[in-house]
Each structure stands twice: as structure tokens, then as C-alpha cells.
file target.cif (mmCIF, C-alpha atoms and all ligand atoms; chains and numbers go by the auth columns)
data_upload
#
loop_
_atom_site.group_PDB
_atom_site.id
_atom_site.type_symbol
_atom_site.label_atom_id
_atom_site.label_comp_id
_atom_site.label_asym_id
_atom_site.label_seq_id
_atom_site.Cartn_x
_atom_site.Cartn_y
_atom_site.Cartn_z
_atom_site.B_iso_or_equiv
_atom_site.auth_seq_id
_atom_site.auth_asym_id
ATOM 1 C CA MET A 1 -1.692 -4.600 22.348 0.00 22 A
ATOM 2 C CA GLN A 2 1.000 -6.092 20.220 0.00 23 A
ATOM 3 C CA PHE A 3 1.436 -5.015 16.621 0.00 24 A
ATOM 4 C CA GLY A 4 3.292 -6.280 13.593 0.00 25 A
ATOM 5 C CA ILE A 5 3.800 -4.042 10.576 0.00 26 A
ATOM 6 C CA VAL A 6 5.253 -4.494 7.123 0.00 27 A
ATOM 7 C CA ASN A 7 5.072 -1.430 4.840 0.00 28 A
ATOM 8 C CA GLN A 8 7.237 -1.608 1.749 0.00 29 A
ATOM 9 C CA ALA A 9 7.404 0.192 -1.566 0.00 30 A
ATOM 10 C CA LEU A 10 7.198 -1.507 -4.911 0.00 31 A
ATOM 11 C CA LYS A 11 10.712 -2.459 -6.042 0.00 32 A
ATOM 12 C CA GLY A 12 12.440 0.489 -7.735 0.00 33 A
ATOM 13 C CA GLN A 13 10.280 3.129 -6.006 0.00 34 A
ATOM 14 C CA ASN A 14 11.658 5.412 -3.290 0.00 35 A
ATOM 15 C CA LEU A 15 8.247 6.253 -1.875 0.00 36 A
ATOM 16 C CA CYS A 16 5.595 3.831 -0.739 0.00 37 A
ATOM 17 C CA GLY A 17 2.081 4.613 -1.969 0.00 38 A
ATOM 18 C CA ASP A 18 0.640 2.668 0.960 0.00 39 A
ATOM 19 C CA ALA A 19 0.611 4.052 4.483 0.00 40 A
ATOM 20 C CA CYS A 20 -0.539 2.901 7.875 0.00 41 A
ATOM 21 C CA PHE A 21 -1.284 4.564 11.179 0.00 42 A
ATOM 22 C CA ILE A 22 -1.698 3.049 14.625 0.00 43 A
ATOM 23 C CA LYS A 23 -2.804 4.887 17.753 0.00 44 A
ATOM 24 C CA GLU A 24 -3.453 3.516 21.226 0.00 45 A
ATOM 25 C CA PHE A 25 -5.563 5.708 23.522 0.00 46 A
ATOM 26 C CA GLU A 26 -8.021 5.225 26.425 0.00 47 A
ATOM 27 C CA ASN A 27 -7.997 1.408 26.242 0.00 48 A
ATOM 28 C CA LYS A 28 -8.566 1.538 22.521 0.00 49 A
ATOM 29 C CA ALA A 29 -6.440 0.925 19.468 0.00 50 A
ATOM 30 C CA LEU A 30 -7.080 2.508 16.100 0.00 51 A
ATOM 31 C CA ILE A 31 -5.493 0.894 13.064 0.00 52 A
ATOM 32 C CA ALA A 32 -5.654 2.444 9.603 0.00 53 A
ATOM 33 C CA VAL A 33 -4.264 1.112 6.334 0.00 54 A
ATOM 34 C CA ILE A 34 -4.352 3.338 3.262 0.00 55 A
ATOM 35 C CA ASP A 35 -3.466 2.449 -0.334 0.00 56 A
ATOM 36 C CA GLY A 36 -2.942 5.493 -2.567 0.00 57 A
ATOM 37 C CA LEU A 37 -4.107 4.830 -6.124 0.00 58 A
ATOM 38 C CA GLY A 38 -1.282 3.424 -8.234 0.00 59 A
ATOM 39 C CA HIS A 39 2.218 3.832 -6.806 0.00 60 A
ATOM 40 C CA GLY A 40 5.071 6.341 -6.477 0.00 61 A
ATOM 41 C CA PRO A 41 4.992 9.954 -5.191 0.00 62 A
ATOM 42 C CA ASP A 42 1.386 10.731 -6.218 0.00 63 A
ATOM 43 C CA ALA A 43 0.086 7.638 -4.449 0.00 64 A
ATOM 44 C CA ALA A 44 2.181 8.532 -1.387 0.00 65 A
ATOM 45 C CA ALA A 45 0.771 12.095 -1.407 0.00 66 A
ATOM 46 C CA ALA A 46 -2.769 10.684 -1.252 0.00 67 A
ATOM 47 C CA SER A 47 -2.115 8.185 1.532 0.00 68 A
ATOM 48 C CA ASN A 48 -0.073 10.702 3.546 0.00 69 A
ATOM 49 C CA ALA A 49 -2.914 13.236 3.355 0.00 70 A
ATOM 50 C CA ALA A 50 -5.144 10.638 5.000 0.00 71 A
ATOM 51 C CA VAL A 51 -2.568 9.844 7.708 0.00 72 A
ATOM 52 C CA GLU A 52 -2.126 13.534 8.553 0.00 73 A
ATOM 53 C CA HIS A 53 -5.885 13.872 8.929 0.00 74 A
ATOM 54 C CA ILE A 54 -6.232 10.756 11.110 0.00 75 A
ATOM 55 C CA LYS A 55 -3.345 11.859 13.372 0.00 76 A
ATOM 56 C CA ILE A 56 -5.384 14.801 14.636 0.00 77 A
ATOM 57 C CA ASN A 57 -8.876 13.260 14.381 0.00 78 A
ATOM 58 C CA TYR A 58 -8.375 9.722 15.719 0.00 79 A
ATOM 59 C CA GLN A 59 -10.878 10.247 18.549 0.00 80 A
ATOM 60 C CA LYS A 60 -13.765 10.932 16.181 0.00 81 A
ATOM 61 C CA SER A 61 -16.076 8.190 14.890 0.00 82 A
ATOM 62 C CA LEU A 62 -14.761 6.037 12.036 0.00 83 A
ATOM 63 C CA THR A 63 -17.432 7.523 9.783 0.00 84 A
ATOM 64 C CA GLU A 64 -16.332 11.073 10.589 0.00 85 A
ATOM 65 C CA ILE A 65 -12.661 10.186 10.114 0.00 86 A
ATOM 66 C CA ILE A 66 -13.302 8.671 6.701 0.00 87 A
ATOM 67 C CA LYS A 67 -15.446 11.596 5.567 0.00 88 A
ATOM 68 C CA GLY A 68 -12.667 13.963 6.702 0.00 89 A
ATOM 69 C CA CYS A 69 -10.039 11.950 4.814 0.00 90 A
ATOM 70 C CA HIS A 70 -12.207 12.153 1.706 0.00 91 A
ATOM 71 C CA GLU A 71 -12.249 15.971 1.930 0.00 92 A
ATOM 72 C CA GLU A 72 -8.479 16.090 2.546 0.00 93 A
ATOM 73 C CA MET A 73 -7.779 13.831 -0.413 0.00 94 A
ATOM 74 C CA LYS A 74 -9.856 15.636 -3.030 0.00 95 A
ATOM 75 C CA MET A 75 -6.749 17.325 -4.454 0.00 96 A
ATOM 76 C CA THR A 76 -4.925 13.994 -4.671 0.00 97 A
ATOM 77 C CA ARG A 77 -5.518 10.972 -6.873 0.00 98 A
ATOM 78 C CA GLY A 78 -7.379 9.215 -4.050 0.00 99 A
ATOM 79 C CA ALA A 79 -6.952 6.043 -2.047 0.00 100 A
ATOM 80 C CA ALA A 80 -8.505 2.971 -0.526 0.00 101 A
ATOM 81 C CA ILE A 81 -8.786 3.062 3.253 0.00 102 A
ATOM 82 C CA GLY A 82 -9.613 0.630 6.032 0.00 103 A
ATOM 83 C CA ILE A 83 -9.890 1.632 9.699 0.00 104 A
ATOM 84 C CA ALA A 84 -10.393 -0.701 12.656 0.00 105 A
ATOM 85 C CA LEU A 85 -11.050 0.405 16.212 0.00 106 A
ATOM 86 C CA ILE A 86 -10.516 -2.148 18.954 0.00 107 A
ATOM 87 C CA ASP A 87 -12.143 -1.096 22.226 0.00 108 A
ATOM 88 C CA LEU A 88 -10.872 -3.232 25.105 0.00 109 A
ATOM 89 C CA GLU A 89 -13.344 -1.731 27.567 0.00 110 A
ATOM 90 C CA SER A 90 -16.490 -2.568 25.611 0.00 111 A
ATOM 91 C CA SER A 91 -14.819 -5.637 23.988 0.00 112 A
ATOM 92 C CA THR A 92 -15.799 -4.517 20.530 0.00 113 A
ATOM 93 C CA LEU A 93 -14.184 -4.227 17.140 0.00 114 A
ATOM 94 C CA ARG A 94 -15.488 -1.561 14.798 0.00 115 A
ATOM 95 C CA TYR A 95 -14.548 -1.425 11.148 0.00 116 A
ATOM 96 C CA ALA A 96 -15.190 0.903 8.236 0.00 117 A
ATOM 97 C CA GLY A 97 -13.483 0.781 4.864 0.00 118 A
ATOM 98 C CA VAL A 98 -13.735 2.165 1.347 0.00 119 A
ATOM 99 C CA GLY A 99 -11.983 0.408 -1.525 0.00 120 A
ATOM 100 C CA ASN A 100 -9.868 -2.700 -1.554 0.00 121 A
ATOM 101 C CA ILE A 101 -8.351 -2.873 1.922 0.00 122 A
ATOM 102 C CA GLU A 102 -8.877 -6.373 3.316 0.00 123 A
ATOM 103 C CA VAL A 103 -9.580 -7.316 6.915 0.00 124 A
ATOM 104 C CA ARG A 104 -9.096 -10.728 8.469 0.00 125 A
ATOM 105 C CA VAL A 105 -10.018 -11.624 12.014 0.00 126 A
ATOM 106 C CA LYS A 106 -9.003 -14.761 13.846 0.00 127 A
ATOM 107 C CA SER A 107 -11.560 -15.347 16.563 0.00 128 A
ATOM 108 C CA ARG A 108 -13.644 -18.195 17.909 0.00 129 A
ATOM 109 C CA THR A 109 -16.582 -16.902 15.926 0.00 130 A
ATOM 110 C CA THR A 110 -16.557 -15.948 12.269 0.00 131 A
ATOM 111 C CA ILE A 111 -16.034 -12.214 11.918 0.00 132 A
ATOM 112 C CA ARG A 112 -15.769 -10.809 8.435 0.00 133 A
ATOM 113 C CA PRO A 113 -15.690 -7.009 8.203 0.00 134 A
ATOM 114 C CA ILE A 114 -16.105 -5.739 4.652 0.00 135 A
ATOM 115 C CA SER A 115 -15.016 -2.552 2.892 0.00 136 A
ATOM 116 C CA ILE A 116 -17.494 -0.936 0.536 0.00 137 A
ATOM 117 C CA ASN A 117 -16.633 0.000 -3.059 0.00 138 A
ATOM 118 C CA GLY A 118 -15.283 3.409 -3.947 0.00 139 A
ATOM 119 C CA ILE A 119 -12.175 5.551 -4.008 0.00 140 A
ATOM 120 C CA LEU A 120 -11.725 8.015 -1.180 0.00 141 A
ATOM 121 C CA GLY A 121 -11.049 11.527 -2.479 0.00 142 A
ATOM 122 C CA TYR A 122 -12.784 10.676 -5.739 0.00 143 A
ATOM 123 C CA ASN A 123 -15.970 8.637 -5.895 0.00 144 A
ATOM 124 C CA PHE A 124 -17.268 8.032 -2.459 0.00 145 A
ATOM 125 C CA ARG A 125 -20.847 8.227 -1.261 0.00 146 A
ATOM 126 C CA LYS A 126 -21.260 6.662 2.141 0.00 147 A
ATOM 127 C CA VAL A 127 -19.473 4.880 4.957 0.00 148 A
ATOM 128 C CA ARG A 128 -20.640 1.634 6.470 0.00 149 A
ATOM 129 C CA GLU A 129 -19.434 1.168 10.016 0.00 150 A
ATOM 130 C CA GLU A 130 -19.771 -2.343 11.437 0.00 151 A
ATOM 131 C CA GLU A 131 -19.384 -3.555 15.008 0.00 152 A
ATOM 132 C CA PHE A 132 -18.314 -7.017 16.162 0.00 153 A
ATOM 133 C CA PRO A 133 -17.407 -8.566 19.510 0.00 154 A
ATOM 134 C CA TYR A 134 -13.705 -8.543 20.369 0.00 155 A
ATOM 135 C CA ARG A 135 -12.260 -11.151 22.706 0.00 156 A
ATOM 136 C CA GLN A 136 -8.812 -11.129 24.265 0.00 157 A
ATOM 137 C CA GLY A 137 -6.488 -13.074 21.986 0.00 158 A
ATOM 138 C CA ASP A 138 -8.419 -12.267 18.817 0.00 159 A
ATOM 139 C CA MET A 139 -6.090 -11.295 15.993 0.00 160 A
ATOM 140 C CA ILE A 140 -6.950 -8.525 13.522 0.00 161 A
ATOM 141 C CA ILE A 141 -5.169 -8.174 10.203 0.00 162 A
ATOM 142 C CA LEU A 142 -5.552 -5.258 7.786 0.00 163 A
ATOM 143 C CA HIS A 143 -3.727 -5.358 4.474 0.00 164 A
ATOM 144 C CA SER A 144 -3.530 -3.629 1.125 0.00 165 A
ATOM 145 C CA ASP A 145 -3.799 -5.469 -2.192 0.00 166 A
ATOM 146 C CA GLY A 146 -0.003 -5.781 -2.151 0.00 167 A
ATOM 147 C CA ILE A 147 -0.896 -9.019 -0.374 0.00 168 A
ATOM 148 C CA SER A 148 -2.359 -11.597 -2.751 0.00 169 A
ATOM 149 C CA ALA A 149 -6.065 -12.444 -2.498 0.00 170 A
ATOM 150 C CA LYS A 150 -4.895 -16.053 -2.074 0.00 171 A
ATOM 151 C CA PHE A 151 -3.800 -15.239 1.462 0.00 172 A
ATOM 152 C CA ASP A 152 -5.857 -17.169 4.001 0.00 173 A
ATOM 153 C CA LEU A 153 -5.193 -17.407 7.735 0.00 174 A
ATOM 154 C CA ASP A 154 -6.456 -20.998 7.712 0.00 175 A
ATOM 155 C CA LEU A 155 -3.342 -21.958 5.748 0.00 176 A
ATOM 156 C CA TYR A 156 -1.264 -21.423 8.900 0.00 177 A
ATOM 157 C CA PRO A 157 -1.034 -23.774 11.876 0.00 178 A
ATOM 158 C CA PRO A 158 -2.422 -22.515 15.228 0.00 179 A
ATOM 159 C CA GLU A 159 1.075 -22.686 16.827 0.00 180 A
ATOM 160 C CA PHE A 160 2.352 -20.216 14.288 0.00 181 A
ATOM 161 C CA LEU A 161 -0.568 -17.837 14.812 0.00 182 A
ATOM 162 C CA GLY A 162 0.311 -17.702 18.522 0.00 183 A
ATOM 163 C CA GLN A 163 3.640 -16.037 17.738 0.00 184 A
ATOM 164 C CA HIS A 164 4.370 -12.324 17.942 0.00 185 A
ATOM 165 C CA PRO A 165 2.349 -10.267 15.398 0.00 186 A
ATOM 166 C CA GLN A 166 5.590 -8.968 13.802 0.00 187 A
ATOM 167 C CA THR A 167 6.698 -12.532 13.043 0.00 188 A
ATOM 168 C CA ILE A 168 3.275 -13.237 11.568 0.00 189 A
ATOM 169 C CA ALA A 169 3.206 -10.041 9.465 0.00 190 A
ATOM 170 C CA GLU A 170 6.666 -10.719 8.021 0.00 191 A
ATOM 171 C CA ARG A 171 5.876 -14.299 7.082 0.00 192 A
ATOM 172 C CA ILE A 172 2.589 -13.408 5.390 0.00 193 A
ATOM 173 C CA ALA A 173 4.327 -10.569 3.485 0.00 194 A
ATOM 174 C CA ALA A 174 7.100 -12.940 2.378 0.00 195 A
ATOM 175 C CA GLU A 175 4.703 -15.670 1.293 0.00 196 A
ATOM 176 C CA PHE A 176 1.822 -13.668 -0.176 0.00 197 A
ATOM 177 C CA GLY A 177 3.401 -10.351 -1.184 0.00 198 A
ATOM 178 C CA ARG A 178 2.796 -9.414 -4.825 0.00 199 A
ATOM 179 C CA GLU A 179 5.835 -8.079 -6.660 0.00 200 A
ATOM 180 C CA THR A 180 3.824 -5.598 -8.704 0.00 201 A
ATOM 181 C CA ASP A 181 2.570 -3.253 -5.978 0.00 202 A
ATOM 182 C CA ASP A 182 3.350 -1.497 -2.719 0.00 203 A
ATOM 183 C CA LEU A 183 2.582 -3.702 0.260 0.00 204 A
ATOM 184 C CA THR A 184 1.187 -3.045 3.714 0.00 205 A
ATOM 185 C CA ILE A 185 0.067 -5.475 6.369 0.00 206 A
ATOM 186 C CA VAL A 186 -0.743 -4.750 10.010 0.00 207 A
ATOM 187 C CA VAL A 187 -1.304 -7.573 12.494 0.00 208 A
ATOM 188 C CA ALA A 188 -2.694 -6.715 15.933 0.00 209 A
ATOM 189 C CA ARG A 189 -3.532 -8.779 18.987 0.00 210 A
ATOM 190 C CA HIS A 190 -4.262 -8.066 22.610 0.00 211 A
ATOM 191 C CA GLY A 191 -3.048 -10.667 25.074 0.00 212 A
ATOM 192 C CA LYS A 192 -2.313 -14.290 24.434 0.00 213 A
ATOM 193 C CA GLU A 193 -3.999 -16.181 21.655 0.00 214 A
ATOM 194 C CA VAL A 194 -7.023 -18.132 22.870 0.00 215 A
ATOM 195 C CA ALA A 195 -7.395 -21.465 21.075 0.00 216 A
HETATM 196 MN MN MN B . -2.238 -1.381 -4.020 0.00 301 A
#
call {"tool": "encode", "arguments": {"input": "target.cif", "output": "C-alpha cells", "more": "lines below"}}
Ligand SMILES: [Mn+2]
result
Amino acid sequence: MQFGIVNQALKGQNLCGDACFIKEFENKALIAVIDGLGHGPDAAAASNAAVEHIKINYQKSLTEIIKGCHEEMKMTRGAAIGIALIDLESSTLRYAGVGNIEVRVKSRTTIRPISINGILGYNFRKVREEEFPYRQGDMIILHSDGISAKFDLDLYPPEFLGQHPQTIAERIAAEFGRETDDLTIVVARHGKEVA
């Protein structure tokens, strides 16, 4: 898999309240993006608590991981979280999210994973885990609300979307990054883009 990552703190802050975690294992790739409530050290403490939990529990189901993060984050101010699991063996994409982490998928079919409302560590009731087909060349993007809601993959020409995920992540961050929040975007793709 190829990945592109941009994770930057709000201007004037030393710590980023957003965090991300990527793990490749057994023909799978797990991608998590976490946005600690607000910004600064307290937001970073919340998102880092989630990352520490995922680091040692990445092989569990997305539902179990999210429930575990919720328990770990109870002493923090909480966070939004989105976790995608790409399984190259079963050609599937699983997604579960709580709060305002956005997911975009570029595929031949329309795939639109959705996060449910809530704040992990605070008010959270259930997890909804969805499964979609994953084809070689499909591109998955997870981002925090540091990227404007105006961002749309259809605004970019297909030639551009065939470039390396890091190039894509940096351009989207430059063009749709909001100046009032921490920003995280992860772009992932396995193999060449299929038109
Ligand atoms: Mn945010």
C-alpha cells in the first residue's frame, strides 16, 4: 500500500490535537484518524490515548477497538475517531467512525462510509461497522474537520488522482485546509489507479 499523510497543528500551537495511526499486517492495512476535542495539549492527550490503545489492539474488530478507545479516553476531553480496515485478501474495506471524521473513497462504484454522531470518551452509545468491496487501485481518504467540508475528490482531474498519495494529501491540505483547526488527512491506495 502507498500512504500519504499530512498532520499539522493549528498555527501557534506546539501540539497537534489530531492524531493518526497506520498499521500494515497480514495483507491488511488499518488506518485511524482521531480528532481530540478542541486543540492544544488537552486535545492531544485525548487523541494520543486512542493511538496508544490502537497500537496494541489493532488486530481486534473495529467495534472492539473503538469501544476500547472510549474506555481509555474517559479521563480525557474526548475525540472523534474514524478507522478503516482494508483487507487485500478478501478485497473488502471496513469502516467504523464516531464523530466528525470524514471518509472519501474513489472507486468505480459509489462507496460512502459514514461516521455516526457522538464523542468518544464522552457520549457514545454504539458503533456501526460497515463493509464495502475494495478493488486494487481504489483510493481511501480519511480526514479531520481541519479539511473544509467543501473538499470534493471530483474537483480533481483523474491524472492528478493517479499520483502518489503523499502528493495528493499535500495538495488537498494546501487547498482545503482550514486555518482555524488542527488538520489531518491520510490518503491510501494499493496498486495503480484503475480508471
Ligand atoms: Mn478538528
call {"tool": "residues_near_ligand", "arguments": {"input": "target.cif", "ligand": "ligand MN 301 (chain A)", "cutoff": "6 Å", "atoms": "all atoms listed in the file", "output": "PyMOL selection string"}}
result
chain A and resi 56+165-167+202-203
call {"tool": "closest_residue", "arguments": {"input": "target.cif", "among": "A:Ala70, A:Met94, A:Ile137, A:Ile161", "to": "Thr113 of chain A", "atoms": "all atoms listed in the file"}}
result
A:Ile161
call {"tool": "residues_around", "arguments": {"input": "target.cif", "residues": "Asn121 of chain A", "least_positions_apart": "5", "cutoff": "10 Å", "atoms": "all atoms listed in the file", "output": "list in words"}}
result
Ile55, Asp56, Ala100, Ala101, Ile102, Gly103, Ile135, Ser136, Ile137, Asn138, Gly139, Ile140, His164, Ser165 and Asp166 of chain A
call {"tool": "closest_residue", "arguments": {"input": "target.cif", "among": "A:Cys90, A:Glu200, A:Gly212, A:Glu191", "to": "Asn28 of chain A", "atoms": "only C-alpha atoms"}}
result
A:Glu191
call {"tool": "resolve_selection", "arguments": {"input": "target.cif", "expression": "the PyMOL selection byres (((chain A and resi 24) around 7) and not hetatm)", "output": "ChimeraX atom specification"}}
result
/A:22-23,25-26,186-187,207-210
call {"tool": "residues_near_point", "arguments": {"input": "target.cif", "point": "(-6.1, -12.3, 10.8)", "cutoff": "7 Å", "atoms": "only C-alpha atoms", "output": "list of chain:residue names"}}
result
A:Arg125, A:Val126, A:Lys127, A:Met160, A:Ile161, A:Ile162, A:Leu174, A:Val208
call {"tool": "resolve_selection", "arguments": {"input": "target.cif", "expression": "the PyMOL selection byres (((chain A and resi 92) around 10) and not hetatm)", "output": "ChimeraX atom specification"}}
result
/A:70-71,74,87-91,93-96,141-143
call {"tool": "write_last_selection", "arguments": {"input": "target.cif", "atoms": "C-alpha atoms", "output": "short mmCIF file (atom, residue, chain, number, x, y, z; two decimals), in the coordinates of the input"}}
result
data_model
loop_
_atom_site.label_atom_id
_atom_site.label_comp_id
_atom_site.auth_asym_id
_atom_site.auth_seq_id
_atom_site.Cartn_x
_atom_site.Cartn_y
_atom_site.Cartn_z
CA ALA A 70 -2.91 13.24 3.36
CA ALA A 71 -5.14 10.64 5.00
CA HIS A 74 -5.88 13.87 8.93
CA ILE A 87 -13.30 8.67 6.70
CA LYS A 88 -15.45 11.60 5.57
CA GLY A 89 -12.67 13.96 6.70
CA CYS A 90 -10.04 11.95 4.81
CA HIS A 91 -12.21 12.15 1.71
CA GLU A 93 -8.48 16.09 2.55
CA MET A 94 -7.78 13.83 -0.41
CA LYS A 95 -9.86 15.64 -3.03
CA MET A 96 -6.75 17.32 -4.45
CA LEU A 141 -11.72 8.02 -1.18
CA GLY A 142 -11.05 11.53 -2.48
CA TYR A 143 -12.78 10.68 -5.74
#
call {"tool": "atom_distance", "arguments": {"input": "target.cif", "atom1": "atom CA of Asn69 of chain A", "atom2": "atom CA of Pro134 of chain A"}}
result
24.1 Å
call {"tool": "residues_near_point", "arguments": {"input": "target.cif", "point": "(-10.1, 3.8, 11.0)", "cutoff": "7 Å", "atoms": "only C-alpha atoms", "output": "list of chain:residue names"}}
result
A:Leu51, A:Ile52, A:Ala53, A:Leu83, A:Ile86, A:Gly103, A:Ile104, A:Ala105, A:Leu106, A:Tyr116, A:Ala117
call {"tool": "resolve_selection", "arguments": {"input": "target.cif", "expression": "the PyMOL selection byres (((chain A and resi 61) around 6) and not hetatm)", "output": "number ranges by chain"}}
result
A: 36, 38, 60, 62-64
call {"tool": "write_last_selection", "arguments": {"input": "target.cif", "atoms": "C-alpha atoms", "output": "compact mmCIF listing (two decimals), keeping the file's coordinate frame"}}
result
# COMPACT_ATOMS: atom_id res chain seq x y z
CA LEU A 36 8.25 6.25 -1.88
CA GLY A 38 2.08 4.61 -1.97
CA HIS A 60 2.22 3.83 -6.81
CA PRO A 62 4.99 9.95 -5.19
CA ASP A 63 1.39 10.73 -6.22
CA ALA A 64 0.09 7.64 -4.45
call {"tool": "atom_distance", "arguments": {"input": "target.cif", "atom1": "atom CA of Glu152 of chain A", "atom2": "atom CA of Leu114 of chain A"}}
result
5.7 Å
call {"tool": "closest_residue", "arguments": {"input": "target.cif", "among": "A:Phe172, A:Pro179, A:His211, A:Gln80", "to": "Ala194 of chain A", "atoms": "only C-alpha atoms"}}
result
A:Phe172
call {"tool": "atom_distance", "arguments": {"input": "target.cif", "atom1": "atom CA of Leu163 of chain A", "atom2": "atom CA of Val124 of chain A"}}
result
4.6 Å
call {"tool": "closest_residue", "arguments": {"input": "target.cif", "among": "A:Ala67, A:Thr201, A:Phe153, A:Asp108", "to": "Gln34 of chain A", "atoms": "only C-alpha atoms"}}
result
A:Thr201
